[in-house]
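K.L.:
Pasting entry.pdb here (PDB, C-alpha atoms):
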```pdb
ATOM      1  CA  MET D   1     150.829 327.633  21.545
ATOM      2  CA  ARG D   2     148.236 325.455  19.850
ATOM      3  CA  LEU D   3     148.911 321.756  20.181
ATOM      4  CA  SER D   4     147.757 319.193  17.641
ATOM      5  CA  PRO D   5     144.172 318.107  18.296
ATOM      6  CA  LYS D   6     145.197 314.665  19.523
ATOM      7  CA  ASP D   7     147.979 315.988  21.788
ATOM      8  CA  ALA D   8     145.683 318.685  23.194
ATOM      9  CA  ALA D   9     142.939 316.122  23.869
ATOM     10  CA  LEU D  10     145.360 313.767  25.620
ATOM     11  CA  LYS D  11     146.785 316.528  27.833
ATOM     12  CA  PHE D  12     143.271 317.807  28.540
ATOM     13  CA  ILE D  13     142.055 314.361  29.603
ATOM     14  CA  ASN D  14     145.117 313.648  31.729
ATOM     15  CA  ARG D  15     144.774 317.008  33.473
ATOM     16  CA  ASN D  16     141.007 317.225  33.949
ATOM     17  CA  PHE D  17     139.775 313.619  33.914
ATOM     18  CA  PRO D  18     142.762 311.473  34.921
ATOM     19  CA  LYS D  19     140.595 308.729  36.451
ATOM     20  CA  CYS D  20     138.261 308.305  33.477
ATOM     21  CA  GLN D  21     137.832 304.869  31.938
ATOM     22  CA  ALA D  22     137.684 306.121  28.352
ATOM     23  CA  ALA D  23     137.720 309.216  26.174
ATOM     24  CA  VAL D  24     137.312 309.925  22.480
ATOM     25  CA  LEU D  25     138.141 312.965  20.387
ATOM     26  CA  ALA D  26     135.333 313.696  17.922
ATOM     27  CA  GLY D  27     133.976 316.385  15.647
ATOM     28  CA  SER D  28     135.378 318.232  12.679
ATOM     29  CA  VAL D  29     139.027 317.659  13.600
ATOM     30  CA  VAL D  30     138.689 313.870  13.265
ATOM     31  CA  ARG D  31     136.834 314.231   9.958
ATOM     32  CA  GLY D  32     139.516 316.523   8.522
ATOM     33  CA  GLU D  33     136.982 319.371   8.296
ATOM     34  CA  GLU D  34     138.322 321.723  10.958
ATOM     35  CA  THR D  35     138.454 325.463  10.436
ATOM     36  CA  GLU D  36     140.161 328.261  12.365
ATOM     37  CA  THR D  37     137.143 328.431  14.673
ATOM     38  CA  SER D  38     136.738 324.687  15.255
ATOM     39  CA  ASP D  39     136.754 323.353  18.767
ATOM     40  CA  LEU D  40     137.680 319.956  20.146
ATOM     41  CA  ASP D  41     134.767 317.721  21.080
ATOM     42  CA  VAL D  42     135.891 315.275  23.750
ATOM     43  CA  VAL D  43     133.569 312.582  25.075
ATOM     44  CA  ILE D  44     134.568 311.331  28.531
ATOM     45  CA  PHE D  45     133.377 308.133  30.223
ATOM     46  CA  ASP D  46     134.000 308.079  33.960
ATOM     47  CA  LYS D  47     132.276 305.732  36.411
ATOM     48  CA  ASN D  48     132.908 308.188  39.249
ATOM     49  CA  PHE D  49     130.307 310.705  38.035
ATOM     50  CA  SER D  50     126.691 310.307  39.158
ATOM     51  CA  SER D  51     125.264 312.073  36.086
ATOM     52  CA  SER D  52     126.280 313.490  32.747
ATOM     53  CA  TYR D  53     127.159 317.084  32.009
ATOM     54  CA  ARG D  54     128.730 319.298  29.378
ATOM     55  CA  GLU D  55     131.435 321.844  30.080
ATOM     56  CA  SER D  56     133.471 324.247  27.970
ATOM     57  CA  PHE D  57     137.186 324.905  28.428
ATOM     58  CA  ILE D  58     139.933 326.842  26.697
ATOM     59  CA  GLU D  59     143.198 324.974  26.964
ATOM     60  CA  TYR D  60     146.264 324.213  24.834
ATOM     61  CA  GLY D  61     145.187 326.763  22.232
ATOM     62  CA  TRP D  62     141.745 325.208  21.722
ATOM     63  CA  ALA D  63     138.180 325.704  22.777
ATOM     64  CA  ILE D  64     137.257 322.296  24.177
ATOM     65  CA  GLU D  65     133.745 320.946  24.661
ATOM     66  CA  ALA D  66     133.717 318.095  27.167
ATOM     67  CA  PHE D  67     130.729 315.749  27.095
ATOM     68  CA  VAL D  68     131.071 313.879  30.370
ATOM     69  CA  HIS D  69     129.209 310.635  31.053
ATOM     70  CA  ASN D  70     129.305 307.821  33.539
ATOM     71  CA  LEU D  71     129.157 304.261  32.258
ATOM     72  CA  THR D  72     125.376 304.310  31.748
ATOM     73  CA  SER D  73     124.291 307.952  31.305
ATOM     74  CA  TYR D  74     125.400 308.014  27.667
ATOM     75  CA  GLN D  75     122.688 305.441  26.882
ATOM     76  CA  VAL D  76     119.977 307.945  27.858
ATOM     77  CA  PHE D  77     121.468 310.395  25.350
ATOM     78  CA  PHE D  78     121.764 307.709  22.677
ATOM     79  CA  HIS D  79     118.032 306.973  23.035
ATOM     80  CA  SER D  80     117.091 310.648  23.213
ATOM     81  CA  ASP D  81     119.103 311.349  20.063
ATOM     82  CA  ARG D  82     117.352 308.457  18.331
ATOM     83  CA  ASP D  83     113.935 309.733  19.413
ATOM     84  CA  ARG D  84     114.594 313.193  17.985
ATOM     85  CA  ALA D  85     116.375 311.672  14.939
ATOM     86  CA  ILE D  86     119.498 313.777  15.489
ATOM     87  CA  PRO D  87     122.306 311.363  16.440
ATOM     88  CA  SER D  88     124.766 313.831  17.965
ATOM     89  CA  LEU D  89     126.358 311.693  20.687
ATOM     90  CA  PRO D  90     126.233 308.360  18.823
ATOM     91  CA  LYS D  91     127.957 309.995  15.851
ATOM     92  CA  MET D  92     130.655 311.539  18.050
ATOM     93  CA  VAL D  93     131.328 308.190  19.721
ATOM     94  CA  SER D  94     131.228 306.219  16.481
ATOM     95  CA  GLU D  95     133.610 308.450  14.538
ATOM     96  CA  GLY D  96     135.729 309.473  17.519
ATOM     97  CA  ILE D  97     139.419 308.718  17.849
ATOM     98  CA  VAL D  98     140.139 306.791  21.032
ATOM     99  CA  ILE D  99     142.390 308.874  23.281
ATOM    100  CA  LYS D 100     142.094 306.714  26.400
ATOM    101  CA  ASP D 101     140.560 303.297  26.972
ATOM    102  CA  LYS D 102     140.550 300.949  29.922
ATOM    103  CA  GLY D 103     138.735 298.256  27.970
ATOM    104  CA  ILE D 104     135.236 299.739  27.633
ATOM    105  CA  ILE D 105     135.164 301.858  24.500
ATOM    106  CA  GLU D 106     134.708 299.047  21.978
ATOM    107  CA  THR D 107     131.362 298.110  23.535
ATOM    108  CA  ILE D 108     130.183 301.732  23.605
ATOM    109  CA  LYS D 109     131.296 302.303  20.003
ATOM    110  CA  ASN D 110     129.420 299.157  18.963
ATOM    111  CA  GLU D 111     126.253 300.452  20.650
ATOM    112  CA  ALA D 112     126.628 303.729  18.746
ATOM    113  CA  ASN D 113     127.229 301.970  15.432
ATOM    114  CA  VAL D 114     124.189 299.708  15.835
ATOM    115  CA  LEU D 115     121.986 302.695  16.667
ATOM    116  CA  LEU D 116     123.298 304.678  13.689
ATOM    117  CA  ALA D 117     122.829 301.755  11.296
ATOM    118  CA  HIS D 118     119.271 301.149  12.504
ATOM    119  CA  GLY D 119     118.280 304.754  11.858
ATOM    120  CA  PRO D 120     115.536 306.725  13.560
ATOM    121  CA  GLU D 121     112.072 305.370  14.275
ATOM    122  CA  LYS D 122     109.742 305.372  11.301
ATOM    123  CA  TRP D 123     107.166 308.162  11.296
ATOM    124  CA  SER D 124     103.555 307.077  11.715
ATOM    125  CA  GLU D 125     100.947 308.012   9.109
ATOM    126  CA  GLU D 126      99.485 310.472  11.635
ATOM    127  CA  ILE D 127     102.819 312.279  12.061
ATOM    128  CA  ILE D 128     103.260 312.381   8.279
ATOM    129  CA  ARG D 129      99.805 313.983   7.906
ATOM    130  CA  ILE D 130     100.608 316.586  10.587
ATOM    131  CA  LYS D 131     103.988 317.405   9.019
ATOM    132  CA  ARG D 132     102.353 317.731   5.587
ATOM    133  CA  TYR D 133      99.888 320.197   7.050
ATOM    134  CA  PHE D 134     102.695 322.383   8.439
ATOM    135  CA  LEU D 135     104.559 322.196   5.114
ATOM    136  CA  THR D 136     101.477 323.267   3.165
ATOM    137  CA  ASP D 137     100.653 326.015   5.659
ATOM    138  CA  THR D 138     104.188 327.421   5.460
ATOM    139  CA  LEU D 139     104.223 327.159   1.655
ATOM    140  CA  GLU D 140     100.965 329.100   1.487
ATOM    141  CA  ASP D 141     102.448 331.748   3.793
ATOM    142  CA  TYR D 142     105.413 332.032   1.415
ATOM    143  CA  ILE D 143     103.270 332.197  -1.729
ATOM    144  CA  GLY D 144     101.120 334.925  -0.218
ATOM    145  CA  CYS D 145     103.982 336.899   1.317
ATOM    146  CA  LEU D 146     104.294 340.506   0.155
ATOM    147  CA  ASN D 147     107.201 341.497   2.393
ATOM    148  CA  ARG D 148     110.692 340.477   1.189
ATOM    149  CA  GLU D 149     112.211 340.374   4.670
ATOM    150  CA  GLU D 150     109.374 338.234   5.992
ATOM    151  CA  GLY D 151     109.669 336.006   2.925
ATOM    152  CA  ILE D 152     113.317 335.269   3.688
ATOM    153  CA  PHE D 153     112.391 333.896   7.114
ATOM    154  CA  ILE D 154     109.457 331.921   5.742
ATOM    155  CA  ALA D 155     111.704 330.421   3.030
ATOM    156  CA  ASN D 156     114.216 329.416   5.694
ATOM    157  CA  ARG D 157     111.508 327.690   7.724
ATOM    158  CA  LEU D 158     110.165 326.007   4.600
ATOM    159  CA  ALA D 159     113.628 324.637   3.796
ATOM    160  CA  GLU D 160     113.892 323.199   7.319
ATOM    161  CA  LEU D 161     110.467 321.577   7.084
ATOM    162  CA  VAL D 162     111.119 320.116   3.625
ATOM    163  CA  SER D 163     114.498 318.650   4.581
ATOM    164  CA  GLU D 164     113.045 317.110   7.748
ATOM    165  CA  PHE D 165     110.060 315.700   5.847
ATOM    166  CA  VAL D 166     112.093 314.147   3.042
ATOM    167  CA  LEU D 167     114.674 312.653   5.381
ATOM    168  CA  ARG D 168     112.273 311.346   8.024
ATOM    169  CA  THR D 169     109.755 309.854   5.576
ATOM    170  CA  ASN D 170     112.707 307.934   4.150
ATOM    171  CA  GLN D 171     113.768 306.930   7.686
ATOM    172  CA  HIS D 172     117.015 308.907   7.627
ATOM    173  CA  TRP D 173     118.645 310.937  10.366
ATOM    174  CA  VAL D 174     118.160 314.698  10.335
ATOM    175  CA  GLY D 175     120.337 317.577  11.362
ATOM    176  CA  THR D 176     119.983 321.264  12.022
ATOM    177  CA  SER D 177     122.009 324.287  11.051
ATOM    178  CA  LYS D 178     125.279 323.228   9.396
ATOM    179  CA  TRP D 179     124.354 319.538   9.798
ATOM    180  CA  THR D 180     121.184 319.661   7.679
ATOM    181  CA  PHE D 181     122.924 318.862   4.408
ATOM    182  CA  GLU D 182     125.020 315.962   5.755
ATOM    183  CA  HIS D 183     122.141 313.614   6.269
TER     184      HIS D 183
END
```
Would you mind giving the structure from this file in structure tokens?

P.N.:
Amino acid sequence: MRLSPKDAALKFINRNFPKCQAAVLAGSVVRGEETETSDLDVVIFDKNFSSSYRESFIEYGWAIEAFVHNLTSYQVFFHSDRDRAIPSLPKMVSEGIVIKDKGIIETIKNEANVLLAHGPEKWSEEIIRIKRYFLTDTLEDYIGCLNREEGIFIANRLAELVSEFVLRTNQHWVGTSKWTFEH
């Protein structure tokens, strides 16, 4: 039997991470965008862990992705996400529904919100020149392509490069796969 997302997350946390200081339910289910194949993204904060890790479960009728952090390891991921301009963890924390909190989640959510509002680092002129080169090179490959199948893959790569270029030169976050259009 499939429980509601919130009930499943609460039972999951109580069963698997009962000593955690905080947990949030994130992802498509909190945005009202879930599908039949959606999973539950649960971010756990537990001071008893020496490092972060990710683990997959199937419980309560859901595939559950647990993103487990201690009370400082999440900051490394926040900074890494900012450096690559793909704010996966900050977005999950920011939009996440609090399932458990022993008085720490407000501070962590504030850190995520500040990072998201600041946006990624601005590209240097040198990086812009390099990215332009790759765009032009890929466009020329597409223009000169005589093989339809090859052209499909080149067009896909060109779309990725263009979206990254437009977003990053305007100091916006980027995404990949299904997240490309959201940013």

K.L.:
Find the residues of region 29-85 of chain D that sit at most 7 Å from region 7-20 of chain D; for each, write down the nearest two atoms and how far apart they are in Å, to one decimal. Count only C-alpha atoms. Sort by chain, then by number going up, and give it as CSV.

P.N.:
```
residue,atom,partner,partner_atom,distance
D:Ile44,CA,D:Cys20,CA,6.9
D:Phe45,CA,D:Cys20,CA,5.9
D:Asp46,CA,D:Cys20,CA,4.3
D:Tyr60,CA,D:Ala8,CA,5.8
```

K.L.:
For the PyMOL selection byres ((chain D and resi 29-33) around 10), applied here, can you spell out every residue it catches as a list of chain:residue names?

P.N.:
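Selection result, ordered by chain and number: D:Ser4, D:Pro5, D:Lys6, D:Leu25, D:Ala26, D:Gly27, D:Ser28, D:Glu34, D:Thr35, D:Ser38, D:Asp39, D:Leu40, D:Asp41, D:Met92, D:Glu95, D:Gly96, D:Ile97.
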
K.L.:
Tell me which protein, DNA and RNA residues are within 12 Å of Leu89 (chain D), counting all atoms listed in the file, leaving out same-chain ones fewer than 5 positions away, and put them as number ranges by chain.

P.N.:
D: 24-27, 41-44, 54, 66-69, 73-82, 94-96, 108-109, 111-113, 115-116

K.L.:
Next, dump the selected residues to file, keeping only C-alpha atoms, as a CSV table (one decimal), in the coordinates of the input.

P.N.:
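See selection-v6.csv below for the written result:
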```
chain,number,residue,atom,x,y,z
D,24,VAL,CA,137.3,309.9,22.5
D,25,LEU,CA,138.1,313.0,20.4
D,26,ALA,CA,135.3,313.7,17.9
D,27,GLY,CA,134.0,316.4,15.6
D,41,ASP,CA,134.8,317.7,21.1
D,42,VAL,CA,135.9,315.3,23.8
D,43,VAL,CA,133.6,312.6,25.1
D,44,ILE,CA,134.6,311.3,28.5
D,54,ARG,CA,128.7,319.3,29.4
D,66,ALA,CA,133.7,318.1,27.2
D,67,PHE,CA,130.7,315.7,27.1
D,68,VAL,CA,131.1,313.9,30.4
D,69,HIS,CA,129.2,310.6,31.1
D,73,SER,CA,124.3,308.0,31.3
D,74,TYR,CA,125.4,308.0,27.7
D,75,GLN,CA,122.7,305.4,26.9
D,76,VAL,CA,120.0,307.9,27.9
D,77,PHE,CA,121.5,310.4,25.4
D,78,PHE,CA,121.8,307.7,22.7
D,79,HIS,CA,118.0,307.0,23.0
D,80,SER,CA,117.1,310.6,23.2
D,81,ASP,CA,119.1,311.3,20.1
D,82,ARG,CA,117.4,308.5,18.3
D,94,SER,CA,131.2,306.2,16.5
D,95,GLU,CA,133.6,308.4,14.5
D,96,GLY,CA,135.7,309.5,17.5
D,108,ILE,CA,130.2,301.7,23.6
D,109,LYS,CA,131.3,302.3,20.0
D,111,GLU,CA,126.3,300.5,20.6
D,112,ALA,CA,126.6,303.7,18.7
D,113,ASN,CA,127.2,302.0,15.4
D,115,LEU,CA,122.0,302.7,16.7
D,116,LEU,CA,123.3,304.7,13.7
```

K.L.:
Find the distance between CA of Ala23 (chain D) and CA of Asn48 (chain D) and write it in Å to one decimal.

P.N.:
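According to the coordinates, CA of Ala23 (chain D) and CA of Asn48 (chain D) are separated by 14.0 Å.
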
K.L.:
To one decimal in Å, tell me the separation between CA of Asn110 (chain D) and CA of Phe57 (chain D).

P.N.:
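Interatomic distance, CA of Asn110 (chain D) to CA of Phe57 (chain D): 28.5 Å.
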
K.L.:
Would you work out the distance separating CA of Gly144 (chain D) from CA of Leu158 (chain D), expressed in Å to one decimal?

P.N.:
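Here the two named atoms are 13.6 Å from each other.
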
K.L.:
On this file, the PyMOL selection byres ((chain D and resi 86) around 9) gives some set of residues; write that set as a JSON list (two decimals) with C-alpha atoms, keeping the file's coordinate frame.

P.N.:
```json
[["chain", "number", "residue", "atom", "x", "y", "z"],
["D", 80, "SER", "CA", 117.09, 310.65, 23.21],
["D", 81, "ASP", "CA", 119.10, 311.35, 20.06],
["D", 82, "ARG", "CA", 117.35, 308.46, 18.33],
["D", 83, "ASP", "CA", 113.94, 309.73, 19.41],
["D", 84, "ARG", "CA", 114.59, 313.19, 17.98],
["D", 85, "ALA", "CA", 116.38, 311.67, 14.94],
["D", 87, "PRO", "CA", 122.31, 311.36, 16.44],
["D", 88, "SER", "CA", 124.77, 313.83, 17.96],
["D", 89, "LEU", "CA", 126.36, 311.69, 20.69],
["D", 120, "PRO", "CA", 115.54, 306.73, 13.56],
["D", 173, "TRP", "CA", 118.64, 310.94, 10.37],
["D", 174, "VAL", "CA", 118.16, 314.70, 10.34],
["D", 175, "GLY", "CA", 120.34, 317.58, 11.36],
["D", 176, "THR", "CA", 119.98, 321.26, 12.02]]
```

K.L.:
I'd like to know which of D:Leu71, D:Ala159, D:Leu146, D:Ile130 is closest to Ile105 (chain D), using all atoms listed in the file.

P.N.:
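Using all atoms listed in the file, Ile105 (chain D) sits closest to D:Leu71.
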
K.L.:
Which of these, D:Phe153, D:Thr169, D:Cys145, D:Pro90, has the shortest distance to Arg129 (chain D) once you count all atoms listed in the file?

P.N.:
D:Thr169

K.L.:
Which residue, D:Leu3, D:Asn170, D:Lys47, D:Glu121, has the smallest gap to Lys102 (chain D) when you use only C-alpha atoms?

P.N.:
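Nearest to Lys102 (chain D): D:Lys47.
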
K.L.:
With 8 Å added on each side, what axis-aligned box encloses every listed atom of region 118-122 of chain D? Give the centre and edge lengths in Å to one decimal, as lines of an AutoDock Vina configuration file.

P.N.:
```
center_x = 114.5
center_y = 303.9
center_z = 12.8
size_x = 25.5
size_y = 21.6
size_z = 19.0
```

K.L.:
Can you work out which one of D:Ile104, D:Arg2, D:Asp141, D:Ser163 has the shortest atom-to-atom distance to Ala63 (chain D), counting all atoms listed in the file?

P.N.:
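Nearest to Ala63 (chain D): D:Arg2.
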
K.L.:
Go through the shown structure with the PyMOL selection byres ((chain D and resi 142) around 10) and write out the matching residues as a list in words.

P.N.:
Thr136, Asp137, Thr138, Leu139, Glu140, Asp141, Ile143, Gly144, Cys145, Leu146, Asn147, Arg148, Glu150, Gly151, Ile152, Phe153, Ile154, Ala155, Arg157 and Leu158 of chain D

K.L.:
Could you turn the residues from that selection into a file that holds C-alpha atoms, as a PDB file, keeping the file's coordinate frame?

P.N.:
```
ATOM      1  CA  THR D 136     101.477 323.267   3.165  1.00  0.00           C
ATOM      2  CA  ASP D 137     100.653 326.015   5.659  1.00  0.00           C
ATOM      3  CA  THR D 138     104.188 327.421   5.460  1.00  0.00           C
ATOM      4  CA  LEU D 139     104.223 327.159   1.655  1.00  0.00           C
ATOM      5  CA  GLU D 140     100.965 329.100   1.487  1.00  0.00           C
ATOM      6  CA  ASP D 141     102.448 331.748   3.793  1.00  0.00           C
ATOM      7  CA  ILE D 143     103.270 332.197  -1.729  1.00  0.00           C
ATOM      8  CA  GLY D 144     101.120 334.925  -0.218  1.00  0.00           C
ATOM      9  CA  CYS D 145     103.982 336.899   1.317  1.00  0.00           C
ATOM     10  CA  LEU D 146     104.294 340.506   0.155  1.00  0.00           C
ATOM     11  CA  ASN D 147     107.201 341.497   2.393  1.00  0.00           C
ATOM     12  CA  ARG D 148     110.692 340.477   1.189  1.00  0.00           C
ATOM     13  CA  GLU D 150     109.374 338.234   5.992  1.00  0.00           C
ATOM     14  CA  GLY D 151     109.669 336.006   2.925  1.00  0.00           C
ATOM     15  CA  ILE D 152     113.317 335.269   3.688  1.00  0.00           C
ATOM     16  CA  PHE D 153     112.391 333.896   7.114  1.00  0.00           C
ATOM     17  CA  ILE D 154     109.457 331.921   5.742  1.00  0.00           C
ATOM     18  CA  ALA D 155     111.704 330.421   3.030  1.00  0.00           C
ATOM     19  CA  ARG D 157     111.508 327.690   7.724  1.00  0.00           C
ATOM     20  CA  LEU D 158     110.165 326.007   4.600  1.00  0.00           C
TER      21      LEU D 158
END
```
